[in-house]
file input30.cif (mmCIF, C-alpha atoms and all ligand atoms)
data_model
#
loop_
_atom_site.label_atom_id
_atom_site.label_comp_id
_atom_site.auth_asym_id
_atom_site.auth_seq_id
_atom_site.Cartn_x
_atom_site.Cartn_y
_atom_site.Cartn_z
CA MET A 2 127.37 11.76 24.25
CA ALA A 3 130.35 13.31 22.57
CA ASP A 4 131.31 16.80 23.57
CA ALA A 5 131.77 18.43 20.19
CA PRO A 6 133.87 21.58 19.90
CA PHE A 7 131.43 22.78 17.22
CA ASP A 8 127.74 22.55 16.48
CA VAL A 9 127.47 19.17 14.73
CA ALA A 10 123.78 19.61 13.94
CA LYS A 11 124.57 22.87 12.20
CA ILE A 12 127.49 21.31 10.32
CA ARG A 13 125.21 18.53 9.11
CA GLN A 14 122.93 21.16 7.59
CA ASP A 15 125.81 22.09 5.27
CA PHE A 16 125.73 18.61 3.68
CA PRO A 17 122.61 18.15 1.52
CA ILE A 18 123.18 14.42 1.11
CA LEU A 19 122.90 13.89 4.87
CA GLN A 20 119.39 15.37 4.91
CA GLN A 21 117.84 12.58 2.92
CA LYS A 22 116.09 9.40 3.90
CA ILE A 23 116.88 6.29 1.92
CA TYR A 24 114.80 3.12 1.42
CA ASP A 25 111.76 5.37 2.00
CA ASP A 26 112.16 6.15 5.67
CA LYS A 27 115.68 5.40 6.87
CA PRO A 28 117.87 8.38 7.73
CA LEU A 29 121.16 8.05 5.87
CA THR A 30 123.91 7.00 8.28
CA TYR A 31 127.11 7.48 6.37
CA LEU A 32 130.04 5.69 8.00
CA ASP A 33 132.18 5.05 4.91
CA ASN A 34 134.24 8.22 5.07
CA ALA A 35 137.56 6.49 4.55
CA ALA A 36 136.34 5.63 1.03
CA THR A 37 135.13 9.13 0.24
CA SER A 38 133.70 12.01 2.22
CA GLN A 39 130.45 13.85 1.58
CA LYS A 40 130.50 17.38 0.14
CA PRO A 41 129.14 20.57 1.67
CA GLN A 42 126.79 22.71 -0.43
CA LEU A 43 129.51 25.36 -0.83
CA VAL A 44 131.70 22.89 -2.71
CA ILE A 45 128.84 21.75 -4.94
CA ASP A 46 127.99 25.41 -5.62
CA ALA A 47 131.58 26.19 -6.56
CA LEU A 48 131.39 23.62 -9.36
CA VAL A 49 128.16 25.06 -10.70
CA GLU A 50 129.43 28.61 -10.37
CA TYR A 51 132.55 27.86 -12.38
CA TYR A 52 130.60 26.32 -15.26
CA SER A 53 127.82 28.87 -15.20
CA ARG A 54 129.84 32.07 -14.70
CA TYR A 55 133.50 31.88 -15.66
CA ASN A 56 134.24 28.65 -17.53
CA ALA A 57 137.39 29.24 -19.60
CA ASN A 58 140.74 27.59 -20.09
CA VAL A 59 143.47 28.66 -17.72
CA HIS A 60 146.85 30.29 -18.39
CA ARG A 61 146.43 30.97 -22.11
CA ALA A 62 143.25 32.96 -22.44
CA LEU A 63 143.79 36.69 -22.19
CA HIS A 64 140.17 37.58 -21.61
CA TYR A 65 137.90 38.26 -18.68
CA LEU A 66 136.75 34.69 -18.14
CA GLY A 67 140.22 33.26 -18.65
CA GLU A 68 141.69 35.58 -16.06
CA GLN A 69 138.97 34.77 -13.56
CA ALA A 70 139.48 31.05 -14.03
CA THR A 71 143.27 31.35 -13.89
CA SER A 72 143.38 33.45 -10.75
CA ARG A 73 140.93 31.15 -8.94
CA TYR A 74 142.81 28.04 -10.10
CA GLU A 75 146.23 29.40 -9.14
CA GLY A 76 144.84 30.73 -5.87
CA VAL A 77 144.13 27.16 -4.80
CA ARG A 78 147.83 26.35 -5.03
CA GLU A 79 148.42 28.91 -2.28
CA LYS A 80 145.53 27.58 -0.21
CA VAL A 81 146.81 24.01 -0.46
CA ALA A 82 150.38 25.04 0.37
CA SER A 83 149.27 26.81 3.51
CA PHE A 84 146.78 24.07 4.46
CA ILE A 85 149.49 21.39 4.50
CA GLY A 86 152.48 23.58 5.35
CA ALA A 87 154.25 23.00 2.03
CA ALA A 88 157.32 25.04 1.05
CA SER A 89 155.56 27.24 -1.53
CA PRO A 90 152.59 27.35 -3.93
CA GLU A 91 154.97 26.24 -6.70
CA SER A 92 155.70 23.02 -4.82
CA ILE A 93 152.04 21.97 -5.17
CA LEU A 94 151.21 19.81 -8.21
CA PHE A 95 147.60 19.07 -9.06
CA THR A 96 146.90 15.46 -10.03
CA ARG A 97 143.81 13.26 -10.25
CA GLY A 98 144.32 11.94 -6.74
CA THR A 99 146.67 10.13 -4.39
CA THR A 100 147.09 7.28 -6.86
CA GLU A 101 148.30 9.56 -9.63
CA SER A 102 150.50 11.52 -7.21
CA VAL A 103 152.32 8.35 -6.15
CA ASN A 104 152.67 7.21 -9.76
CA LEU A 105 154.10 10.59 -10.71
CA VAL A 106 156.93 10.08 -8.21
CA ALA A 107 157.37 6.45 -9.25
CA TYR A 108 157.73 7.42 -12.92
CA THR A 109 159.72 10.65 -12.76
CA TRP A 110 161.80 10.98 -9.62
CA ALA A 111 162.37 7.23 -9.46
CA GLN A 112 163.53 7.16 -13.07
CA GLU A 113 166.46 9.38 -12.10
CA ARG A 114 167.09 8.30 -8.55
CA ILE A 115 166.45 4.56 -8.46
CA GLN A 116 168.76 2.10 -10.17
CA GLU A 117 169.32 -1.61 -10.29
CA GLY A 118 170.30 -2.94 -6.88
CA ASP A 119 168.80 0.05 -5.04
CA GLU A 120 166.12 -0.46 -2.43
CA ILE A 121 162.65 0.92 -1.89
CA ILE A 122 161.03 0.42 1.50
CA ALA A 123 157.25 0.50 1.92
CA THR A 124 155.15 -0.99 4.71
CA GLY A 125 152.95 -4.02 5.22
CA MET A 126 149.88 -1.82 5.65
CA GLU A 127 149.95 0.20 2.42
CA HIS A 128 146.91 0.89 0.30
CA HIS A 129 147.37 -0.70 -3.15
CA SER A 130 147.88 2.87 -4.44
CA ASN A 131 151.11 3.19 -2.52
CA LEU A 132 152.29 -0.35 -3.11
CA VAL A 133 151.60 -1.42 -6.69
CA PRO A 134 153.35 1.64 -8.22
CA TRP A 135 156.49 0.61 -6.27
CA GLN A 136 156.18 -3.01 -7.37
CA LEU A 137 156.10 -1.76 -10.97
CA CYS A 138 158.94 0.65 -10.31
CA ALA A 139 161.05 -2.12 -8.81
CA GLU A 140 160.38 -4.29 -11.86
CA ARG A 141 161.31 -1.48 -14.24
CA THR A 142 164.47 -0.41 -12.46
CA GLY A 143 165.72 -3.68 -11.00
CA ALA A 144 165.43 -2.23 -7.51
CA LYS A 145 164.38 -4.33 -4.54
CA LEU A 146 161.13 -3.61 -2.69
CA LYS A 147 160.97 -4.40 1.02
CA LEU A 148 158.08 -3.98 3.46
CA ILE A 149 158.27 -2.86 7.09
CA PRO A 150 156.46 -5.53 9.17
CA VAL A 151 153.27 -4.71 11.06
CA PHE A 152 152.81 -5.75 14.71
CA ALA A 153 149.59 -7.43 15.86
CA ASP A 154 148.36 -4.15 17.41
CA GLY A 155 148.53 -2.48 13.99
CA THR A 156 151.71 -0.45 14.48
CA LEU A 157 154.88 -0.61 12.39
CA ASP A 158 157.99 -2.44 13.57
CA LEU A 159 160.39 0.49 13.37
CA PHE A 160 163.12 -1.59 14.98
CA ALA A 161 162.95 -3.82 11.92
CA LEU A 162 163.17 -0.72 9.73
CA ARG A 163 166.56 0.08 11.26
CA GLY A 164 167.81 -3.30 10.08
CA MET A 165 166.27 -2.89 6.64
CA LEU A 166 167.78 0.51 5.85
CA SER A 167 171.10 0.54 4.00
CA ASP A 168 173.12 2.85 1.82
CA ARG A 169 171.19 1.38 -1.12
CA THR A 170 167.86 2.61 0.26
CA ARG A 171 166.64 5.42 -1.97
CA LEU A 172 163.08 5.83 -0.78
CA VAL A 173 160.96 5.02 2.25
CA THR A 174 157.25 5.33 1.55
CA VAL A 175 154.59 5.08 4.22
CA THR A 176 150.94 5.77 4.80
CA HIS A 177 150.41 8.52 7.37
CA MET A 178 147.16 6.96 8.57
CA SER A 179 146.12 3.42 7.66
CA ASN A 180 142.76 3.17 5.91
CA VAL A 181 142.30 -0.29 7.45
CA LEU A 182 143.82 -0.22 10.94
CA GLY A 183 143.41 3.48 11.64
CA THR A 184 147.04 3.61 12.81
CA VAL A 185 148.75 6.98 12.60
CA ASN A 186 152.35 6.13 11.84
CA ASP A 187 155.29 7.89 13.44
CA VAL A 188 156.38 9.68 10.29
CA ALA A 189 158.83 11.93 12.16
CA GLU A 190 160.74 8.90 13.44
CA ILE A 191 160.65 7.21 10.02
CA VAL A 192 162.03 10.39 8.44
CA ARG A 193 164.78 10.54 11.05
CA LEU A 194 165.82 6.94 10.32
CA ALA A 195 165.57 7.35 6.53
CA ARG A 196 167.57 10.59 6.50
CA GLY A 197 170.32 8.83 8.40
CA MET A 198 170.78 6.69 5.29
CA GLY A 199 170.21 9.51 2.81
CA ALA A 200 166.87 8.12 1.65
CA ALA A 201 163.93 10.28 0.56
CA VAL A 202 160.49 9.87 2.19
CA LEU A 203 157.06 9.85 0.58
CA VAL A 204 153.97 10.09 2.76
CA ASP A 205 150.59 8.85 1.60
CA ALA A 206 148.44 11.40 3.40
CA ALA A 207 145.10 10.35 1.84
CA GLN A 208 143.69 9.54 5.30
CA SER A 209 145.54 12.12 7.39
CA VAL A 210 145.00 15.41 5.55
CA PRO A 211 141.18 15.13 5.87
CA HIS A 212 141.23 14.34 9.59
CA MET A 213 144.12 16.09 11.34
CA PRO A 214 146.42 19.06 10.97
CA VAL A 215 149.31 18.04 8.70
CA ASN A 216 152.43 20.11 8.26
CA MET A 217 154.80 19.00 5.55
CA LYS A 218 157.66 21.21 6.71
CA GLU A 219 157.42 19.91 10.26
CA LEU A 220 157.28 16.32 9.03
CA ASP A 221 160.23 17.17 6.76
CA VAL A 222 159.11 14.71 4.08
CA ASP A 223 160.10 14.90 0.41
CA PHE A 224 156.73 14.03 -1.09
CA LEU A 225 153.21 14.19 0.29
CA ALA A 226 150.16 12.93 -1.58
CA PHE A 227 146.44 13.26 -0.89
CA SER A 228 143.05 13.19 -2.64
CA GLY A 229 140.45 15.96 -2.74
CA HIS A 230 137.45 13.66 -2.52
CA LYS A 231 138.28 12.38 0.98
CA CYS A 232 138.46 15.90 2.43
CA CYS A 233 135.09 17.32 1.32
CA GLY A 234 136.32 18.14 -2.19
CA PRO A 235 135.24 16.71 -5.54
CA THR A 236 136.52 13.51 -7.13
CA GLY A 237 139.16 13.72 -9.84
CA VAL A 238 141.54 16.08 -8.09
CA GLY A 239 144.49 15.41 -5.84
CA VAL A 240 147.77 16.86 -4.79
CA LEU A 241 151.42 15.97 -4.85
CA ALA A 242 153.46 18.34 -2.70
CA VAL A 243 157.18 18.20 -3.42
CA LYS A 244 160.12 19.43 -1.37
CA PRO A 245 161.63 21.96 -3.80
CA GLU A 246 165.11 20.43 -3.94
CA GLN A 247 163.62 17.17 -5.25
CA PHE A 248 162.38 18.92 -8.40
CA GLU A 249 166.01 18.78 -9.60
CA HIS A 250 165.63 15.04 -9.92
CA MET A 251 162.26 15.05 -11.66
CA PRO A 252 162.03 14.81 -15.44
CA PRO A 253 158.56 15.49 -16.94
CA PHE A 254 155.72 13.02 -16.32
CA MET A 255 153.28 13.40 -19.22
CA GLY A 256 154.07 15.40 -22.33
CA GLY A 257 151.65 17.84 -23.94
CA GLY A 258 150.43 21.40 -23.85
CA GLU A 259 151.01 23.63 -20.82
CA MET A 260 154.10 21.74 -19.69
CA ILE A 261 156.49 23.06 -22.33
CA SER A 262 158.64 26.12 -22.75
CA ARG A 263 159.66 25.77 -26.42
CA VAL A 264 158.66 23.01 -28.78
CA LYS A 265 160.74 22.25 -31.85
CA ASP A 266 160.15 19.51 -34.40
CA LEU A 267 162.10 16.85 -32.64
CA GLN A 268 162.68 18.10 -29.12
CA SER A 269 161.38 20.54 -26.55
CA THR A 270 162.25 22.34 -23.36
CA TRP A 271 160.07 22.36 -20.28
CA ALA A 272 158.04 24.92 -18.48
CA ASP A 273 159.01 25.77 -14.91
CA VAL A 274 157.49 23.88 -12.02
CA PRO A 275 154.70 23.33 -11.25
CA TYR A 276 153.51 23.61 -14.88
CA LYS A 277 156.10 21.13 -16.12
CA PHE A 278 154.03 18.43 -14.38
CA GLU A 279 150.57 19.55 -15.45
CA ALA A 280 150.31 18.60 -19.10
CA GLY A 281 147.12 19.51 -20.95
CA THR A 282 144.06 21.37 -19.75
CA PRO A 283 143.89 20.79 -16.00
CA ASN A 284 140.86 19.85 -13.93
CA ILE A 285 139.95 23.50 -13.40
CA ALA A 286 136.52 23.19 -11.81
CA ASP A 287 137.50 20.50 -9.35
CA VAL A 288 140.71 22.26 -8.31
CA ILE A 289 138.71 25.42 -7.58
CA ALA A 290 136.14 23.43 -5.61
CA LEU A 291 138.95 21.73 -3.67
CA GLY A 292 140.05 25.20 -2.59
CA VAL A 293 136.54 25.84 -1.28
CA ALA A 294 136.59 22.52 0.57
CA LEU A 295 139.88 23.35 2.30
CA ASP A 296 138.53 26.78 3.29
CA TYR A 297 135.49 25.03 4.71
CA LEU A 298 137.65 22.64 6.76
CA SER A 299 139.81 25.52 7.99
CA GLY A 300 136.63 27.32 9.00
CA VAL A 301 135.59 24.38 11.16
CA GLY A 302 139.20 23.97 12.34
CA MET A 303 141.40 20.92 11.79
CA GLU A 304 142.34 20.70 15.48
CA LYS A 305 138.69 20.66 16.45
CA ILE A 306 137.92 18.09 13.77
CA GLN A 307 140.69 15.87 15.09
CA ALA A 308 139.57 16.28 18.71
CA TYR A 309 135.93 15.49 17.94
CA GLU A 310 136.81 12.49 15.77
CA LYS A 311 138.99 11.17 18.57
CA GLN A 312 135.94 11.11 20.84
CA LEU A 313 133.77 9.57 18.13
CA THR A 314 136.38 6.90 17.43
CA GLU A 315 136.73 5.99 21.10
CA TYR A 316 132.97 5.70 21.33
CA LEU A 317 132.80 3.62 18.16
CA ILE A 318 135.48 1.23 19.40
CA GLN A 319 133.78 0.96 22.81
CA GLN A 320 130.42 0.16 21.22
CA LEU A 321 131.91 -2.39 18.83
CA GLN A 322 133.87 -4.04 21.65
CA SER A 323 130.65 -4.55 23.57
CA ILE A 324 129.35 -6.83 20.80
CA GLN A 325 130.05 -10.50 21.45
CA GLY A 326 132.03 -12.28 18.77
CA LEU A 327 133.29 -9.05 17.24
CA ARG A 328 137.00 -8.62 16.73
CA ILE A 329 138.64 -5.27 15.93
CA PHE A 330 141.79 -5.05 13.83
CA GLY A 331 144.24 -2.42 15.02
CA TYR A 332 144.76 -1.09 18.52
CA ALA A 333 147.32 1.63 17.98
CA LYS A 334 147.26 4.39 20.58
CA GLU A 335 147.80 7.02 17.89
CA ARG A 336 144.94 6.42 15.52
CA GLY A 337 142.23 7.88 13.35
CA GLY A 338 138.60 7.01 12.82
CA ALA A 339 138.79 4.07 10.40
CA VAL A 340 137.86 0.98 12.41
CA SER A 341 137.94 -2.47 10.80
CA PHE A 342 136.39 -5.52 12.37
CA ALA A 343 135.14 -9.05 11.81
CA LEU A 344 132.06 -10.68 13.24
CA ASP A 345 131.96 -14.39 14.06
CA LYS A 346 129.78 -16.38 11.67
CA VAL A 347 128.76 -13.36 9.58
CA HIS A 348 130.57 -12.56 6.36
CA PRO A 349 131.54 -8.87 6.00
CA HIS A 350 129.55 -8.60 2.77
CA ASP A 351 126.44 -10.03 4.41
CA LEU A 352 126.86 -7.63 7.31
CA SER A 353 127.25 -4.56 5.14
CA GLN A 354 124.19 -5.57 3.09
CA TYR A 355 122.18 -6.12 6.25
CA VAL A 356 123.06 -2.76 7.83
CA ASP A 357 122.54 -1.05 4.49
CA GLN A 358 118.89 -2.07 4.70
CA GLN A 359 118.68 0.16 7.78
CA GLY A 360 120.26 3.05 5.89
CA ILE A 361 123.76 2.53 7.26
CA ALA A 362 126.72 2.71 4.88
CA ILE A 363 129.84 0.84 5.97
CA ARG A 364 132.51 -0.79 3.85
CA ALA A 365 133.26 -4.48 3.39
CA GLY A 366 136.02 -6.21 1.48
CA HIS A 367 139.80 -6.17 1.23
CA LEU A 368 139.84 -2.35 1.49
CA CYS A 369 142.49 -2.09 -1.23
CA ALA A 370 145.00 -3.73 1.10
CA GLN A 371 145.19 -7.40 0.16
CA PRO A 372 148.71 -7.94 1.56
CA LEU A 373 147.56 -6.58 4.92
CA MET A 374 144.45 -8.79 4.83
CA ARG A 375 146.71 -11.82 4.45
CA ARG A 376 148.73 -10.66 7.45
CA LEU A 377 145.53 -10.31 9.46
CA GLY A 378 144.54 -13.82 8.36
CA VAL A 379 141.32 -12.78 6.63
CA THR A 380 140.21 -12.11 3.07
CA ALA A 381 137.79 -9.36 3.94
CA VAL A 382 136.77 -7.15 6.86
CA SER A 383 134.02 -4.69 7.68
CA ARG A 384 134.99 -1.09 8.25
CA ALA A 385 133.19 1.85 9.82
CA SER A 386 134.91 5.20 9.40
CA VAL A 387 133.83 8.52 10.87
CA TYR A 388 134.10 12.14 9.86
CA PHE A 389 133.34 15.34 11.75
CA TYR A 390 129.68 15.37 10.69
CA ASN A 391 128.98 11.98 12.29
CA THR A 392 127.32 11.61 15.67
CA THR A 393 127.27 9.14 18.54
CA GLU A 394 123.60 8.49 17.71
CA GLU A 395 124.70 7.18 14.34
CA ILE A 396 127.20 4.90 16.05
CA ASP A 397 124.42 3.64 18.33
CA ARG A 398 122.35 2.90 15.23
CA LEU A 399 125.25 0.94 13.75
CA LYS A 400 125.73 -1.09 16.91
CA GLU A 401 122.06 -1.93 17.15
CA SER A 402 122.03 -2.99 13.53
CA ILE A 403 125.12 -5.21 13.91
CA VAL A 404 123.53 -6.96 16.89
CA LYS A 405 120.37 -7.56 14.86
CA ALA A 406 122.42 -8.87 11.95
CA GLN A 407 124.15 -11.27 14.28
CA GLN A 408 120.83 -12.67 15.49
CA PHE A 409 119.48 -12.83 11.96
CA PHE A 410 122.44 -14.76 10.52
CA ASP A 411 122.82 -16.97 13.59
CA HIS A 412 119.26 -18.20 13.46
CA GLY A 413 118.63 -17.77 9.78
C1 LIG A 501 141.93 6.30 -0.65
C2 LIG A 501 143.36 6.04 -0.41
C3 LIG A 501 144.29 6.06 -1.45
C4 LIG A 501 143.90 6.23 -2.89
O1 LIG A 501 143.27 7.43 -3.14
P1 LIG A 501 142.61 7.69 -4.58
O2 LIG A 501 141.78 8.90 -4.35
O3 LIG A 501 141.79 6.47 -4.90
O4 LIG A 501 143.71 7.89 -5.54
C5 LIG A 501 145.60 5.83 -1.15
N1 LIG A 501 146.00 5.63 0.12
C6 LIG A 501 145.15 5.62 1.15
C7 LIG A 501 145.66 5.38 2.53
C8 LIG A 501 143.80 5.80 0.92
O5 LIG A 501 142.95 5.75 1.94
#
call {"tool": "encode", "arguments": {"input": "input30.cif", "output": "structure tokens", "more": "lines below"}}
Ligand SMILES: *Cc1c(COP(=O)(O)O)cnc(C)c1O
result
Amino acid sequence: MADAPFDVAKIRQDFPILQQKIYDDKPLTYLDNAATSQKPQLVIDALVEYYSRYNANVHRALHYLGEQATSRYEGVREKVASFIGAASPESILFTRGTTESVNLVAYTWAQERIQEGDEIIATGMEHHSNLVPWQLCAERTGAKLKLIPVFADGTLDLFALRGMLSDRTRLVTVTHMSNVLGTVNDVAEIVRLARGMGAAVLVDAAQSVPHMPVNMKELDVDFLAFSGHKCCGPTGVGVLAVKPEQFEHMPPFMGGGEMISRVKDLQSTWADVPYKFEAGTPNIADVIALGVALDYLSGVGMEKIQAYEKQLTEYLIQQLQSIQGLRIFGYAKERGGAVSFALDKVHPHDLSQYVDQQGIAIRAGHLCAQPLMRRLGVTAVSRASVYFYNTTEEIDRLKESIVKAQQFFDHG
């Protein structure tokens, strides 16, 4: 059906997990990519290779293994910077994931830049990871948190944002692509509006970096966060990219080894960035494997991935729309491949359990976005989310299974 700009069958061969049958004879149909992506063999091999050939601590060890590990680890900073168009390798901080990246900004930059009476603006469609840290920050600092409203079609009310911005606005934080609605937000316009008031902008790119070309310099944002595990990399590693001038307003996050320059009994001075923000032994193996994952994605081509997923998403939406009693949440024109829906008379959890029996993995629940669920008037939804290794045949399988589930629960 879809006209892929690459050989999908060949790509699928790179992912060992996709080769297996589950429940004895069901081919695995993995449509939960917004939760985490699968990993190509190259990435898995990179982890094994690190531990079996050059495991050593980075930066301090002046021996063969230490130098190997350090140069591979530091090399990933360059790869990440060029992959997302960040200012420099030094502007890339390794964290545990998007969640930690957002918290880093909320605890360091915010500590200097946000005071009582200031305002933080987020949106009504944020993942808990880019909402709760700002609720805590607002509590700590006495700042006020406001949320940009979401229209029924799943887009942001940027007209309302104009009214919300003031000279007390210090930060506007927004998800680049919603993990629930699929909406790709107009970050460029949000940046333009925020800059007009002198506010900084943080982009939660957890769903965009894996699925489309992202260029931090073009977007002109101050902070960009994403997770390795959603873009073919391992769990436990993520990135915070910082616009260099913002480092001036960032005291250390965690204290410990690696992040210091000189330590005296009662006070210390800090290492230069990025090391100032990477206390302790870093997640060496996973950072190196993330580099391999980004090389793999570049090899396939982010533009091609985006183009193919656009076709897959259109097909998915079309197939879901053809099911009676199924309602899709989010109809933004600019969107990615996370599609949430509800089925009349079938609870999302029942549906996901039913399709799971046919080997199909979709997600059900509040999708880490309880405030958005309330706006949608539901407590849970089902979500199918595609990646570049998915096929239209898999979407057909999902549709067939949903229709069967509907009959089963209607009569059962
Ligand atoms: C997954 C996700 C996060 C959280 O990522 P972690 O890897 O769990 O830290 C944040 N925002 C969005 C939009 C996400 O999809």
call {"tool": "atom_distance", "arguments": {"input": "input30.cif", "atom1": "CA of Ser269 in chain A", "atom2": "CA of Gly257 in chain A"}}
result
10.4 Å
call {"tool": "residues_near_ligand", "arguments": {"input": "input30.cif", "ligand": "ligand LIG 501 (chain A)", "cutoff": "9 Å", "atoms": "only C-alpha atoms and all ligand atoms", "output": "ChimeraX atom specification"}}
result
/A:35-37,97-103,126-131,176-181,205-209,226-231,236-239,368-369
call {"tool": "closest_residue", "arguments": {"input": "input30.cif", "among": "A:Asn186, A:Ser38, A:Asn284, A:Ser402", "to": "Ser386 in chain A", "atoms": "only C-alpha atoms"}}
result
A:Ser38
call {"tool": "closest_residue", "arguments": {"input": "input30.cif", "among": "A:Gly67, A:Gly86, A:Pro372, A:Gly183", "to": "Leu225 in chain A", "atoms": "all atoms listed in the file"}}
result
A:Gly86
call {"tool": "closest_residue", "arguments": {"input": "input30.cif", "among": "A:Val106, A:Leu399, A:Leu32, A:Leu241", "to": "Leu19 in chain A", "atoms": "only C-alpha atoms"}}
result
A:Leu32
call {"tool": "atom_distance", "arguments": {"input": "input30.cif", "atom1": "CA of Thr170 in chain A", "atom2": "CA of Ala123 in chain A"}}
result
10.9 Å
call {"tool": "closest_residue", "arguments": {"input": "input30.cif", "among": "A:Asp296, A:Glu140, A:Glu304, A:Glu249", "to": "His212 in chain A", "atoms": "all atoms listed in the file"}}
result
A:Glu304
call {"tool": "closest_residue", "arguments": {"input": "input30.cif", "among": "A:Ile122, A:Trp135, A:Gln307, A:Arg163", "to": "Lys147 in chain A", "atoms": "all atoms listed in the file"}}
result
A:Ile122
call {"tool": "atom_distance", "arguments": {"input": "input30.cif", "atom1": "CA of Glu219 in chain A", "atom2": "CA of Leu157 in chain A"}}
result
20.8 Å
call {"tool": "closest_residue", "arguments": {"input": "input30.cif", "among": "A:Pro28, A:Gly197, A:Gly331, A:Gly258", "to": "Pro283 in chain A", "atoms": "only C-alpha atoms"}}
result
A:Gly258
call {"tool": "residues_around", "arguments": {"input": "input30.cif", "residues": "Pro253 in chain A", "least_positions_apart": "3", "cutoff": "9 Å", "atoms": "all atoms listed in the file", "output": "list in words"}}
result
Thr109, Gly256, Met260, Trp271, Lys277 and Phe278 of chain A
call {"tool": "residues_around", "arguments": {"input": "input30.cif", "residues": "Glu246 in chain A", "least_positions_apart": "3", "cutoff": "10 Å", "atoms": "all atoms listed in the file", "output": "list in words"}}
result
Ser92, Asp223, Val243, Glu249, His250 and Met251 of chain A
call {"tool": "axis_aligned_box", "arguments": {"input": "input30.cif", "around": "range 305-313 of chain A", "padding_each_side": "8 Å", "output": "AutoDock Vina command-line options"}}
result
--center_x 137.2 --center_y 15.1 --center_z 17.3 --size_x 22.9 --size_y 27.1 --size_z 23.1
call {"tool": "residues_near_point", "arguments": {"input": "input30.cif", "point": "(161.0, 20.3, 0.0)", "cutoff": "10 Å", "atoms": "only C-alpha atoms", "output": "short mmCIF file (atom, residue, chain, number, x, y, z; two decimals) with C-alpha atoms, in the frame of the given file"}}
result
data_model
loop_
_atom_site.label_atom_id
_atom_site.label_comp_id
_atom_site.auth_asym_id
_atom_site.auth_seq_id
_atom_site.Cartn_x
_atom_site.Cartn_y
_atom_site.Cartn_z
CA ALA A 87 154.25 23.00 2.03
CA ALA A 88 157.32 25.04 1.05
CA SER A 89 155.56 27.24 -1.53
CA SER A 92 155.70 23.02 -4.82
CA MET A 217 154.80 19.00 5.55
CA LYS A 218 157.66 21.21 6.71
CA ASP A 221 160.23 17.17 6.76
CA VAL A 222 159.11 14.71 4.08
CA ASP A 223 160.10 14.90 0.41
CA PHE A 224 156.73 14.03 -1.09
CA LEU A 225 153.21 14.19 0.29
CA ALA A 242 153.46 18.34 -2.70
CA VAL A 243 157.18 18.20 -3.42
CA LYS A 244 160.12 19.43 -1.37
CA PRO A 245 161.63 21.96 -3.80
CA GLU A 246 165.11 20.43 -3.94
CA GLN A 247 163.62 17.17 -5.25
CA PHE A 248 162.38 18.92 -8.40
#
call {"tool": "residues_around", "arguments": {"input": "input30.cif", "residues": "Thr282 in chain A", "least_positions_apart": "6", "cutoff": "9 Å", "atoms": "only C-alpha atoms", "output": "compact mmCIF listing (two decimals) with C-alpha atoms, in the frame of the given file"}}
result
# COMPACT_ATOMS: atom_id res chain seq x y z
CA ASN A 58 140.74 27.59 -20.09
CA VAL A 59 143.47 28.66 -17.72
CA GLY A 258 150.43 21.40 -23.85
CA GLU A 259 151.01 23.63 -20.82
